[in-house]
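Trainee: After the structure tokens below, expect a handful of questions from me.
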Amino acid sequence: MAKGHRSQIKRERNAQKDTRPSAKLSYARVSVEKACFVLDAIRGKDVQTALGILTYSPRYASSLIKKLLESAIANAENNNNMSRENLYVAECYANKGPTMKRIKPRAQGRAYRIEKRMSHITVVLNER
């Protein structure tokens with residue numbers, strides 16, 4: 001059993017909540033490994049530099065992460081009243097999502113499994 005009343009528990013949980021602006025993309029059709037290549041390039045950079053890196057990166061994940069970063073910037077400006085010039089990428093990470101399993105026919109009646117991986121990508125901003 002939990003300690004205290006349900007409203008008290010919710011109040012304590014909300015007090016511990018992270019107030020930094022963020023954006024999350026769930027079920028992105030890109031593997032965690034491929035997303036992490038792009039995320040490693042923008043981690044710790046200010047948002048203007050990060051947007052420049054994502055614009056000219058040839059990887060598929062960079063287009064997804066660019067939209068996600070723009071969403072996080074909009075959240076910071078509209079919800080938290082933060083200035084765009086002072087923002088930087090505090091955290092960005094990709095967690096493993098579900099895997100779609102597909103079958104590829106092979107020679108002599110065999111079937112090989114193809115795994116189409118998904119990921120949940122999160123970008124957290126902060127102010128300098």
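Naming scheme: A, B, ... for chains in displayed order of the structure tokens; residues 1 onward per chain; ligands 1 onward as shown.
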Any chance you could tabulate, as a tab-separated table, the residues of range 8-35 of chain A at most 9 Å from range 89-98 of chain A with each one's nearest atom pair and distance in Å to one decimal, using only C-alpha atoms, in chain and rising number order?
Mentor:
```
residue	atom	partner	partner_atom	distance
A:Ser26	CA	A:Gly97	CA	7.9
A:Tyr27	CA	A:Gly97	CA	6.3
A:Ala28	CA	A:Gly97	CA	8.2
A:Ser31	CA	A:Lys96	CA	7.7
A:Val32	CA	A:Ala94	CA	5.7
A:Glu33	CA	A:Ala94	CA	8.4
A:Ala35	CA	A:Ala94	CA	6.8
```
Trainee: Compile the contact shell of Glu77 in chain A as a PyMOL selection string: residues with an atom at most 12 Å away, counting only C-alpha atoms, same-chain residues fewer than 4 positions apart removed.
Mentor: chain A and resi 20-22+70-73+81-87+125-127
Trainee: Just to be explicit: take each residue in the selection above, keep N, CA and C atoms, and write the result as a PDB file, in the first residue's frame.
Mentor:
```
ATOM      1  N   ARG A  20      11.768  21.066 -17.635  1.00  0.00           N
ATOM      2  CA  ARG A  20      12.454  21.499 -18.847  1.00  0.00           C
ATOM      3  C   ARG A  20      11.602  21.175 -20.068  1.00  0.00           C
ATOM      4  N   PRO A  21      11.645  22.029 -21.104  1.00  0.00           N
ATOM      5  CA  PRO A  21      10.848  21.755 -22.306  1.00  0.00           C
ATOM      6  C   PRO A  21      11.409  20.557 -23.060  1.00  0.00           C
ATOM      7  N   SER A  22      10.501  19.733 -23.575  1.00  0.00           N
ATOM      8  CA  SER A  22      10.949  18.530 -24.275  1.00  0.00           C
ATOM      9  C   SER A  22       9.932  18.160 -25.333  1.00  0.00           C
ATOM     10  N   GLU A  70      12.424  21.065 -33.560  1.00  0.00           N
ATOM     11  CA  GLU A  70      11.600  22.262 -33.787  1.00  0.00           C
ATOM     12  C   GLU A  70      10.376  22.257 -32.884  1.00  0.00           C
ATOM     13  N   SER A  71       9.800  21.088 -32.645  1.00  0.00           N
ATOM     14  CA  SER A  71       8.668  20.975 -31.735  1.00  0.00           C
ATOM     15  C   SER A  71       9.080  21.314 -30.300  1.00  0.00           C
ATOM     16  N   ALA A  72      10.246  20.844 -29.882  1.00  0.00           N
ATOM     17  CA  ALA A  72      10.734  21.141 -28.529  1.00  0.00           C
ATOM     18  C   ALA A  72      11.017  22.635 -28.369  1.00  0.00           C
ATOM     19  N   ILE A  73      11.535  23.274 -29.430  1.00  0.00           N
ATOM     20  CA  ILE A  73      11.792  24.714 -29.385  1.00  0.00           C
ATOM     21  C   ILE A  73      10.467  25.474 -29.244  1.00  0.00           C
ATOM     22  N   ASN A  81       7.951  30.177 -21.910  1.00  0.00           N
ATOM     23  CA  ASN A  81       8.373  31.571 -22.136  1.00  0.00           C
ATOM     24  C   ASN A  81       9.891  31.712 -22.139  1.00  0.00           C
ATOM     25  N   MET A  82      10.568  30.793 -22.806  1.00  0.00           N
ATOM     26  CA  MET A  82      12.028  30.854 -22.905  1.00  0.00           C
ATOM     27  C   MET A  82      12.429  31.500 -24.218  1.00  0.00           C
ATOM     28  N   SER A  83      13.603  32.110 -24.233  1.00  0.00           N
ATOM     29  CA  SER A  83      14.119  32.740 -25.437  1.00  0.00           C
ATOM     30  C   SER A  83      14.833  31.700 -26.299  1.00  0.00           C
ATOM     31  N   ARG A  84      14.608  31.767 -27.605  1.00  0.00           N
ATOM     32  CA  ARG A  84      15.182  30.796 -28.536  1.00  0.00           C
ATOM     33  C   ARG A  84      16.715  30.879 -28.564  1.00  0.00           C
ATOM     34  N   GLU A  85      17.253  32.089 -28.362  1.00  0.00           N
ATOM     35  CA  GLU A  85      18.709  32.281 -28.459  1.00  0.00           C
ATOM     36  C   GLU A  85      19.470  31.597 -27.325  1.00  0.00           C
ATOM     37  N   ASN A  86      18.803  31.414 -26.171  1.00  0.00           N
ATOM     38  CA  ASN A  86      19.480  30.862 -25.003  1.00  0.00           C
ATOM     39  C   ASN A  86      19.324  29.354 -24.867  1.00  0.00           C
ATOM     40  N   LEU A  87      18.596  28.708 -25.767  1.00  0.00           N
ATOM     41  CA  LEU A  87      18.313  27.280 -25.625  1.00  0.00           C
ATOM     42  C   LEU A  87      19.459  26.428 -26.157  1.00  0.00           C
ATOM     43  N   LEU A 125      15.414  20.201 -23.878  1.00  0.00           N
ATOM     44  CA  LEU A 125      16.167  21.443 -23.995  1.00  0.00           C
ATOM     45  C   LEU A 125      16.338  22.078 -22.622  1.00  0.00           C
ATOM     46  N   ASN A 126      17.251  23.041 -22.547  1.00  0.00           N
ATOM     47  CA  ASN A 126      17.437  23.804 -21.327  1.00  0.00           C
ATOM     48  C   ASN A 126      17.955  25.182 -21.717  1.00  0.00           C
ATOM     49  N   GLU A 127      17.936  26.109 -20.763  1.00  0.00           N
ATOM     50  CA  GLU A 127      18.347  27.477 -21.025  1.00  0.00           C
ATOM     51  C   GLU A 127      19.720  27.732 -20.428  1.00  0.00           C
TER      52      GLU A 127
END
```
Trainee: Enter the distance from CA of Gly52 in chain A to CA of Asn78 in chain A, in Å, rounded to one decimal.
Mentor: 22.2 Å
Trainee: Please run DSSP on the backbone and report, as a list of chain:residue names, all residues within range 2-108 of chain A that come out as strand (DSSP E).
Mentor: A:Ser22, A:Ala23, A:Lys24, A:Leu25, A:Ser26, A:Tyr27, A:Ala28, A:Leu87, A:Tyr88, A:Val89, A:Ala90, A:Glu91, A:Cys92, A:Tyr93, A:Ala94, A:Asn95, A:Lys96, A:Gly97, A:Pro98, A:Thr99, A:Met100, A:Lys101, A:Arg102, A:Ile103, A:Lys104, A:Pro105
Trainee: Please return, as a VMD selection string, all residues of chain A that DSSP assigns to alpha helix (DSSP H) on the basis of the backbone.
Mentor: chain A and resid 6 to 15 32 to 42 47 to 56 60 to 79
Trainee: Using only C-alpha atoms, find the one residue out of A:Leu69, A:Lys10, A:Arg110, A:His5 that sits nearest to Lys45 in chain A.
Mentor: A:Leu69
Trainee: With distances taken over only C-alpha atoms, which of A:Thr19, A:Asn14, A:Gln8, A:Ser63 is nearest to Asn75 in chain A?
Mentor: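 Closest to Asn75 in chain A, using only C-alpha atoms: A:Thr19.
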Trainee: Rank nothing, just name the residue among A:Asn79, A:Gln108, A:Thr99, A:Thr49 nearest to Lys66 in chain A, using only C-alpha atoms.
Mentor: A:Thr49
Trainee: Name the closest residue to Cys36 in chain A among the candidates A:Lys101, A:Arg128, A:His120, A:Lys3; distances are taken between atoms, counting only C-alpha atoms.
Mentor: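 Once distances to Cys36 in chain A are computed over only C-alpha atoms, the minimum belongs to A:His120.
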Trainee: What gap, in Å, lies between CA of Ile53 in chain A and CA of Ala76 in chain A?
Mentor: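 These atoms are spaced 20.2 Å apart.
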Trainee: Please measure the separation of CA of Leu51 in chain A and CA of Lys67 in chain A, giving the value in Å to one decimal.
Mentor: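 A separation of 9.4 Å between them.
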Trainee: Taking 3 positions as the minimum chain separation for residues in the same chain, which residues sit within 12 Å of Arg113 in chain A when counting only C-alpha atoms? Answer as a PyMOL selection string.
Mentor: chain A and resi 99-106+110+116
